[in-house]
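Inspection log for the structure reproduced underneath, given as structure tokens.
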Amino acid sequence: MELKIKTTELQDMVSKSIQCASNNKLIPITSLMNIQVKNNTLTLTTTDATNYFYVSSLEKVLCDDFEISVMADLFTKLVQKTTSDFITLIIDEHVLKVKGNGTYTMELPLDENGNIIKFPVKYNSDDFRPDSGIVKLSTVKTILNFNKPSLAVSVEYPALTCYYCGDAVVTSDRTKICSTDIKMFDEPMLISSQLMELLGVMSNEDINVSATDTDVIFETPTERVYAPKTEGIETFPIDAINGLVNQEFPSNCTISRQAVLSVLDRLSLFVSPYDNRGIYLTFTKDGLTFSSKKSSGTELVPYSSSYNFMDYTCCIDIEMFRSQIATQADELINLSYGIDNSVKMKTKNITQIVALSVDDRVEG
């Protein structure tokens with residue numbers, strides 16, 4: 001059995017497909033890449049044991065139907081390092097020969113019965129509602145840019161490790177909040193961080209969504225992601241988060257984004273481990289003053305505009321603050337302040353909230 005394909009096309013396919021191979025040593029299938037030809041279409045499949053990612057060739061291939069599985073990492077690295085115009089895959093007994101610049105032989109993983117491993121069929125397309133909607137790739141990329149830094153990484157509250165997709169897309173790790181005023185689906189849904197990353201590598205602007213009560217498929221002409229719907233949406237504290245997002249702040253100013261990032265880079269040199277990453281923000285008539293806890297670094301950034309100015313000082317985690325500012329693209333940051341638990345930044349349809357730290361000067 002032989003399959004000949006352009007190297008650049010196969011490289012593009014494996015670079016996408018490998019994104020879903022999680023290489024969990026406890027779950028062997030997550031280290032494999034399934035290679036299948038059916039009806040002259042080549043499809044690569046990988047899984048992280050929850051999501052299944054299918055990447056298909058755009059053009060038909062001249063080859064009989066077959067299905068094998070290979071070690072995903074080794075196969076991907078070999079294909080990506082190949083510089084010949086074409087790659088030929090030759091299946092011979094229980095080995096795969098990859099012919100490009102040279103010929104490389106890979107043993108095929110076998111199951112407990114000595115058979116070539118095939119991936120399970122996870123769904124029947126006829127069971128899905130084809131009119132469930134369309135998600136824009138540009139929307140996914142916006143969410144990954146703005147919302148991702150506010151995702152929880154601890155599984156203490158599992159729902160917070162996901163994107164809440166309701167009337168807005170909301171993420172929070174309990175110290176940061178990001179709310180993007182975009183409605184992705186007709187009904188609220190939790191999207192796992194792994195699934196959102198996979199949607200971000202798709203190639204078409206329009207991603208078709210099909211769903212059942214328990215599962216969802218995202219599909220373009222050459223890619224498809226199957227995922228079970230994430231449970232626990234009722235545990236996501238959306239009402240409390242929306243209350244914070246909609247909270248009014250007494251004062252507001254605009255300052256240069258680049259100037260603030262530059263100050264934070266310099267000031268971080270003077271934030272010691274004993275400071276718990278805390279710095280002071282002091283709102284003055286002349287501008288916003290940034291200072292380290294020991295006042296060994298102090299710098300003023302003038303306002304571009306100021307509304308309802310008030311003398312105010314607070315303590316904030318420098319890394320949390322910087323991570324939110326770094327996602328923004330506008331030249332000016334719209335910064336709201338004046339309440340005792342957070343500051344808020346808003347640009348177009350994005351709202352970001354960063355919790356304040358304990359102010360040692362006040363505590364003292």
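In the structure tokens, the first chain shown is A, the next is B, and so on; residue numbers restart at 1 for each chain, and ligands run from 1 in the order shown.
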
As a ChimeraX atom specification, please: the residues near region 238-255 of chain A (cut-off 10 Å, only C-alpha atoms, same-chain neighbours under 6 positions excluded). /A:164,166,168,170-172,174,177-179,283,287-288,301-312,331-339,341-346,351-353

Residues at most 12 Å from Gln258 (chain A), counting only C-alpha atoms, excluding those fewer than 5 positions away in the same chain, as a PyMOL selection string? chain A and resi 263-265+301+322+325-333

Write out, as an mmCIF file, in the first residue's frame, the residues just selected, with N, CA and C atoms.
```cif
data_model
loop_
_atom_site.group_PDB
_atom_site.id
_atom_site.type_symbol
_atom_site.label_atom_id
_atom_site.label_comp_id
_atom_site.auth_asym_id
_atom_site.auth_seq_id
_atom_site.Cartn_x
_atom_site.Cartn_y
_atom_site.Cartn_z
ATOM 1 N N VAL A 263 7.095 51.011 32.050
ATOM 2 C CA VAL A 263 7.284 51.256 33.486
ATOM 3 C C VAL A 263 7.255 49.940 34.264
ATOM 4 N N LEU A 264 6.303 49.085 33.946
ATOM 5 C CA LEU A 264 6.187 47.819 34.663
ATOM 6 C C LEU A 264 7.418 46.934 34.445
ATOM 7 N N ASP A 265 7.972 46.968 33.241
ATOM 8 C CA ASP A 265 9.191 46.203 32.989
ATOM 9 C C ASP A 265 10.344 46.690 33.857
ATOM 10 N N VAL A 301 3.404 58.301 35.057
ATOM 11 C CA VAL A 301 2.891 58.303 33.682
ATOM 12 C C VAL A 301 1.755 59.312 33.626
ATOM 13 N N ARG A 322 0.080 43.392 34.498
ATOM 14 C CA ARG A 322 0.781 43.419 33.218
ATOM 15 C C ARG A 322 0.159 42.449 32.210
ATOM 16 N N ILE A 325 -2.881 44.130 30.611
ATOM 17 C CA ILE A 325 -2.537 45.246 29.732
ATOM 18 C C ILE A 325 -1.886 44.746 28.454
ATOM 19 N N ALA A 326 -1.086 43.682 28.559
ATOM 20 C CA ALA A 326 -0.355 43.174 27.397
ATOM 21 C C ALA A 326 -1.278 42.670 26.297
ATOM 22 N N THR A 327 -2.497 42.272 26.632
ATOM 23 C CA THR A 327 -3.415 41.749 25.613
ATOM 24 C C THR A 327 -4.036 42.854 24.777
ATOM 25 N N GLN A 328 -4.024 44.076 25.262
ATOM 26 C CA GLN A 328 -4.729 45.157 24.581
ATOM 27 C C GLN A 328 -3.955 45.652 23.362
ATOM 28 N N ALA A 329 -4.697 46.146 22.380
ATOM 29 C CA ALA A 329 -4.082 46.622 21.141
ATOM 30 C C ALA A 329 -4.168 48.135 20.994
ATOM 31 N N ASP A 330 -5.093 48.777 21.702
ATOM 32 C CA ASP A 330 -5.239 50.228 21.590
ATOM 33 C C ASP A 330 -4.059 50.947 22.212
ATOM 34 N N GLU A 331 -3.793 52.148 21.727
ATOM 35 C CA GLU A 331 -2.671 52.928 22.251
ATOM 36 C C GLU A 331 -2.946 53.426 23.662
ATOM 37 N N LEU A 332 -4.220 53.658 23.973
ATOM 38 C CA LEU A 332 -4.573 54.192 25.285
ATOM 39 C C LEU A 332 -5.335 53.155 26.103
ATOM 40 N N ILE A 333 -5.025 53.089 27.388
ATOM 41 C CA ILE A 333 -5.741 52.236 28.334
ATOM 42 C C ILE A 333 -6.801 53.077 29.033
#
```

Between CA of Ala152 (chain A) and CA of Asp317 (chain A) - distance in Å to one decimal: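 Going from CA of Asp317 (chain A) over to CA of Ala152 (chain A), I get 16.1 Å.
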
Taking only C-alpha atoms into account, which of A:Glu59, A:Asp359, A:Asp111, A:Asp127 comes nearest Leu281 (chain A)?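 Ranked by minimum distance to Leu281 (chain A), first place goes to A:Asp359.
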
Excluding Leu74 (chain A) and residues on its chain fewer than 4 positions from it, collect all residues at most 12 Å away from it, counting only C-alpha atoms, and give them as JSON, numbers by chain. {"A": [14, 18, 21, 23, 31, 32, 33, 69, 70, 78, 79, 80, 81, 98, 104, 105, 106, 107, 108]}

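Residue nearest Val37 (chain A) within the list A:Cys63, A:Ala49, A:Met320, A:Ala159: A:Cys63 [criterion: smallest interatomic distance, only C-alpha atoms].
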
Could you give me, as JSON, numbers by chain, each residue of region 68-316 of chain A that DSSP assigns to strand (DSSP E or B) when run on this structure's backbone? {"A": [68, 69, 70, 71, 86, 87, 88, 89, 90, 91, 92, 95, 96, 97, 98, 99, 103, 104, 105, 106, 107, 110, 116, 129, 134, 135, 136, 162, 163, 164, 165, 169, 170, 171, 172, 176, 177, 178, 179, 180, 189, 190, 191, 192, 206, 207, 208, 209, 210, 211, 215, 216, 217, 218, 219, 223, 224, 225, 226, 227, 228, 251, 252, 253, 254, 255, 256, 278, 279, 280, 281, 282, 283, 287, 288, 289, 290, 291, 292, 298, 299, 300, 301, 302, 305, 306, 307, 312, 313, 314, 315, 316]}

If you count only C-alpha atoms, which residues fall within 7 Å of region 214-228 of chain A, apart from same-chain ones fewer than 6 positions away, as a list in words? Thr50, Asn51, Tyr52, Phe53, Tyr54, Val55, Ser56, Ser57, Leu58, Met202, Asn204, Ile207 and Asn208 of chain A

Requested write-out: N, CA and C atoms of the selected residues, as a compact mmCIF listing (two decimals), in the first residue's frame:
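Contents of out-v4.txt, freshly written:
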```txt
# COMPACT_ATOMS: atom_id res chain seq x y z
N THR A 50 -10.36 13.41 25.40
CA THR A 50 -11.68 14.05 25.49
C THR A 50 -12.10 14.55 24.12
N ASN A 51 -11.29 15.40 23.53
CA ASN A 51 -11.54 15.92 22.20
C ASN A 51 -10.89 15.03 21.15
N TYR A 52 -11.53 14.95 19.97
CA TYR A 52 -10.95 14.25 18.84
C TYR A 52 -10.83 15.25 17.68
N PHE A 53 -9.62 15.33 17.11
CA PHE A 53 -9.34 16.33 16.08
C PHE A 53 -9.04 15.59 14.77
N TYR A 54 -9.82 15.90 13.73
CA TYR A 54 -9.69 15.26 12.43
C TYR A 54 -9.23 16.31 11.41
N VAL A 55 -8.11 16.05 10.76
CA VAL A 55 -7.57 16.96 9.74
C VAL A 55 -7.49 16.20 8.43
N SER A 56 -8.19 16.71 7.40
CA SER A 56 -8.30 16.00 6.13
C SER A 56 -7.60 16.75 5.01
N SER A 57 -7.21 15.99 3.99
CA SER A 57 -6.57 16.59 2.82
C SER A 57 -7.62 17.33 1.99
N LEU A 58 -7.21 18.46 1.42
CA LEU A 58 -8.13 19.23 0.59
C LEU A 58 -8.33 18.57 -0.76
N MET A 202 -7.81 26.18 13.36
CA MET A 202 -8.57 25.90 12.14
C MET A 202 -8.26 26.94 11.07
N ASN A 204 -10.39 28.03 8.30
CA ASN A 204 -11.45 28.83 7.68
C ASN A 204 -12.04 29.83 8.66
N ILE A 207 -16.59 28.56 10.97
CA ILE A 207 -16.53 27.23 11.57
C ILE A 207 -17.96 26.80 11.87
N ASN A 208 -18.44 25.77 11.18
CA ASN A 208 -19.81 25.30 11.37
C ASN A 208 -19.93 24.51 12.67
```
